[in-house]
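The data block below is protein-v3.cif; it holds mmCIF, C-alpha atoms.
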data_query
loop_
_atom_site.label_atom_id
_atom_site.label_comp_id
_atom_site.auth_asym_id
_atom_site.auth_seq_id
_atom_site.Cartn_x
_atom_site.Cartn_y
_atom_site.Cartn_z
CA MET A 1 0.73 -12.79 -15.20
CA LYS A 2 -0.23 -9.12 -14.89
CA LYS A 3 1.51 -6.92 -12.34
CA LEU A 4 0.55 -3.33 -11.61
CA VAL A 5 3.46 -0.95 -12.22
CA ARG A 6 4.04 2.76 -11.82
CA ASP A 7 3.01 5.06 -14.68
CA LYS A 8 6.51 5.81 -16.01
CA ILE A 9 7.66 2.17 -16.20
CA PRO A 10 6.54 1.71 -19.85
CA ASP A 11 8.76 4.65 -20.87
CA ILE A 12 11.67 3.32 -18.83
CA ALA A 13 11.31 -0.26 -20.12
CA GLY A 14 10.83 0.75 -23.75
CA ASP A 15 10.43 -2.26 -26.04
CA LYS A 16 11.64 -4.74 -23.41
CA ALA A 17 8.14 -5.55 -22.15
CA GLU A 18 4.47 -5.48 -23.14
CA PHE A 19 1.93 -3.42 -21.22
CA ASP A 20 -1.86 -3.29 -21.06
CA VAL A 21 -4.30 -0.90 -19.39
CA LEU A 22 -6.59 -2.44 -16.80
CA SER A 23 -10.33 -1.98 -16.50
CA ASN A 24 -11.53 -0.16 -13.38
CA ASP A 25 -12.45 -3.44 -11.66
CA GLU A 26 -9.11 -5.03 -12.55
CA TYR A 27 -7.33 -1.90 -11.32
CA ARG A 28 -9.06 -2.03 -7.94
CA THR A 29 -8.17 -5.68 -7.51
CA SER A 30 -4.59 -5.06 -8.64
CA LEU A 31 -4.19 -2.15 -6.21
CA ARG A 32 -5.22 -4.35 -3.30
CA ASP A 33 -2.85 -7.09 -4.47
CA LYS A 34 -0.10 -4.48 -4.75
CA LEU A 35 -0.85 -3.27 -1.22
CA VAL A 36 -0.26 -6.78 0.12
CA GLU A 37 2.90 -7.13 -1.99
CA GLU A 38 4.30 -3.86 -0.64
CA ALA A 39 3.34 -4.76 2.96
CA LYS A 40 5.29 -8.02 2.59
CA GLU A 41 8.27 -6.03 1.31
CA VAL A 42 8.01 -3.78 4.38
CA GLN A 43 7.93 -6.90 6.55
CA ALA A 44 11.04 -8.30 4.82
CA SER A 45 13.04 -5.04 5.06
CA GLU A 46 16.35 -5.58 6.82
CA THR A 47 17.86 -2.11 6.69
CA ARG A 48 16.52 1.29 7.65
CA ALA A 49 17.07 2.57 4.10
CA ASN A 50 15.13 -0.33 2.61
CA LEU A 51 12.35 0.11 5.20
CA VAL A 52 12.01 3.80 4.31
CA GLU A 53 11.83 2.97 0.60
CA GLU A 54 9.26 0.21 1.05
CA LEU A 55 7.10 2.34 3.35
CA GLY A 56 7.10 5.02 0.64
CA ASP A 57 5.96 2.44 -1.91
CA LEU A 58 3.27 1.25 0.50
CA GLU A 59 1.99 4.78 0.99
CA GLU A 60 1.93 5.42 -2.77
CA VAL A 61 -0.30 2.37 -3.27
CA MET A 62 -2.47 3.42 -0.33
CA ARG A 63 -2.90 6.89 -1.81
CA ALA A 64 -3.89 5.36 -5.16
CA ILE A 65 -6.54 3.26 -3.40
CA LEU A 66 -7.85 6.35 -1.60
CA GLU A 67 -8.04 8.30 -4.85
CA ASP A 68 -9.76 5.46 -6.69
CA ALA A 69 -12.35 5.19 -3.90
CA SER A 70 -12.85 9.00 -3.75
CA ILE A 71 -11.59 9.07 -0.16
CA THR A 72 -9.43 11.99 0.91
CA TYR A 73 -6.29 11.40 2.94
CA GLU A 74 -7.77 13.75 5.54
CA GLU A 75 -10.94 11.64 5.78
CA MET A 76 -8.90 8.50 6.37
CA ASP A 77 -6.65 10.28 8.87
CA SER A 78 -9.69 11.55 10.76
CA ILE A 79 -10.88 7.96 11.20
CA ARG A 80 -7.35 6.95 12.24
CA GLN A 81 -7.27 9.70 14.87
CA SER A 82 -10.68 8.67 16.16
CA LYS A 83 -9.43 5.10 16.64
CA VAL A 84 -6.36 6.44 18.44
CA MET A 85 -8.66 8.29 20.86
CA GLN A 86 -10.88 5.24 21.40
CA ARG A 87 -8.33 2.42 21.35
CA GLY A 88 -4.90 4.03 21.60
CA LYS A 89 -1.77 3.64 19.49
CA PHE A 90 0.79 0.85 19.37
CA GLU A 91 3.41 2.61 21.49
CA GLN A 92 3.33 0.31 24.52
CA LYS A 93 4.14 -2.84 22.50
CA ILE A 94 1.23 -4.79 24.02
CA VAL A 95 0.20 -8.16 22.56
CA ILE A 96 -2.81 -10.32 23.31
CA ASN A 97 -2.41 -14.01 24.03
CA THR A 98 -5.02 -15.92 22.06
CA LYS A 99 -6.20 -19.48 22.49
CA ASP A 100 -5.98 -21.06 19.05
#
What would you get if you wrote out this structure as structure tokens?
Amino acid sequence: MKKLVRDKIPDIAGDKAEFDVLSNDEYRTSLRDKLVEEAKEVQASETRANLVEELGDLEEVMRAILEDASITYEEMDSIRQSKVMQRGKFEQKIVINTKD
């Protein structure tokens, strides 16, 4: 199984593990898999300290996806702000009741 790791992990691990470099397509797929992995870790966080750490990891993966796709953080944030203006935020804790 291949798991995307941060750039300094090979130096930290030394001879304890084997590492490969992914192709661009494999990298894109792995980044999206890593995004889901980190989101699940955010979901599972039970302490504030762990939540802060996992949110930082999530943002690092998100920034890597933005860079890979040649999207600036500002471009993404502009779209986010536009959605806030059109649809609002999540401050009022509103849920929709669906009929499944």
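Using all atoms listed in the file, the shortest contact distance between Val36 (chain A) and any of A:Ala49, A:Val61, A:Val21, A:Ile71 is found at A:Val61.
Between CA of Val5 (chain A) and CA of Arg80 (chain A) the interatomic distance comes to 27.9 Å.
You will find CA of Lys34 (chain A) at 12.1 Å from CA of Arg63 (chain A).
Of note, CA of Asn50 (chain A) and CA of Glu38 (chain A) are spaced 11.8 Å apart.
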Non-local contacts of Lys2 (chain A) (12 Å; all atoms listed in the file; under 5 positions in same chain excluded) as a PDB file with C-alpha atoms, in the coordinates of the input:
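The new file out-v8.pdb reads:
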ATOM      1  CA  ALA A  17       8.140  -5.550 -22.150  1.00  0.00           C
ATOM      2  CA  GLU A  18       4.470  -5.480 -23.140  1.00  0.00           C
ATOM      3  CA  PHE A  19       1.930  -3.420 -21.220  1.00  0.00           C
ATOM      4  CA  ASP A  20      -1.860  -3.290 -21.060  1.00  0.00           C
ATOM      5  CA  VAL A  21      -4.300  -0.900 -19.390  1.00  0.00           C
ATOM      6  CA  LEU A  22      -6.590  -2.440 -16.800  1.00  0.00           C
ATOM      7  CA  GLU A  26      -9.110  -5.030 -12.550  1.00  0.00           C
ATOM      8  CA  TYR A  27      -7.330  -1.900 -11.320  1.00  0.00           C
ATOM      9  CA  THR A  29      -8.170  -5.680  -7.510  1.00  0.00           C
ATOM     10  CA  SER A  30      -4.590  -5.060  -8.640  1.00  0.00           C
ATOM     11  CA  LEU A  31      -4.190  -2.150  -6.210  1.00  0.00           C
ATOM     12  CA  ASP A  33      -2.850  -7.090  -4.470  1.00  0.00           C
ATOM     13  CA  LYS A  34      -0.100  -4.480  -4.750  1.00  0.00           C
TER      14      LYS A  34
END
Draw an axis-aligned box tight on the listed atoms of region 60-63 of chain A, then pad every side by 6 Å and write out centre and edge lengths in Å to one decimal as JSON.
{"center_x": -0.5, "center_y": 4.6, "center_z": -1.8, "size_x": 16.8, "size_y": 16.5, "size_z": 14.9}
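Between Asp7 (chain A) and the residues A:Glu60, A:Glu91, A:Glu53, A:Glu75, the shortest atom-to-atom distance, using all atoms listed in the file, involves A:Glu60.
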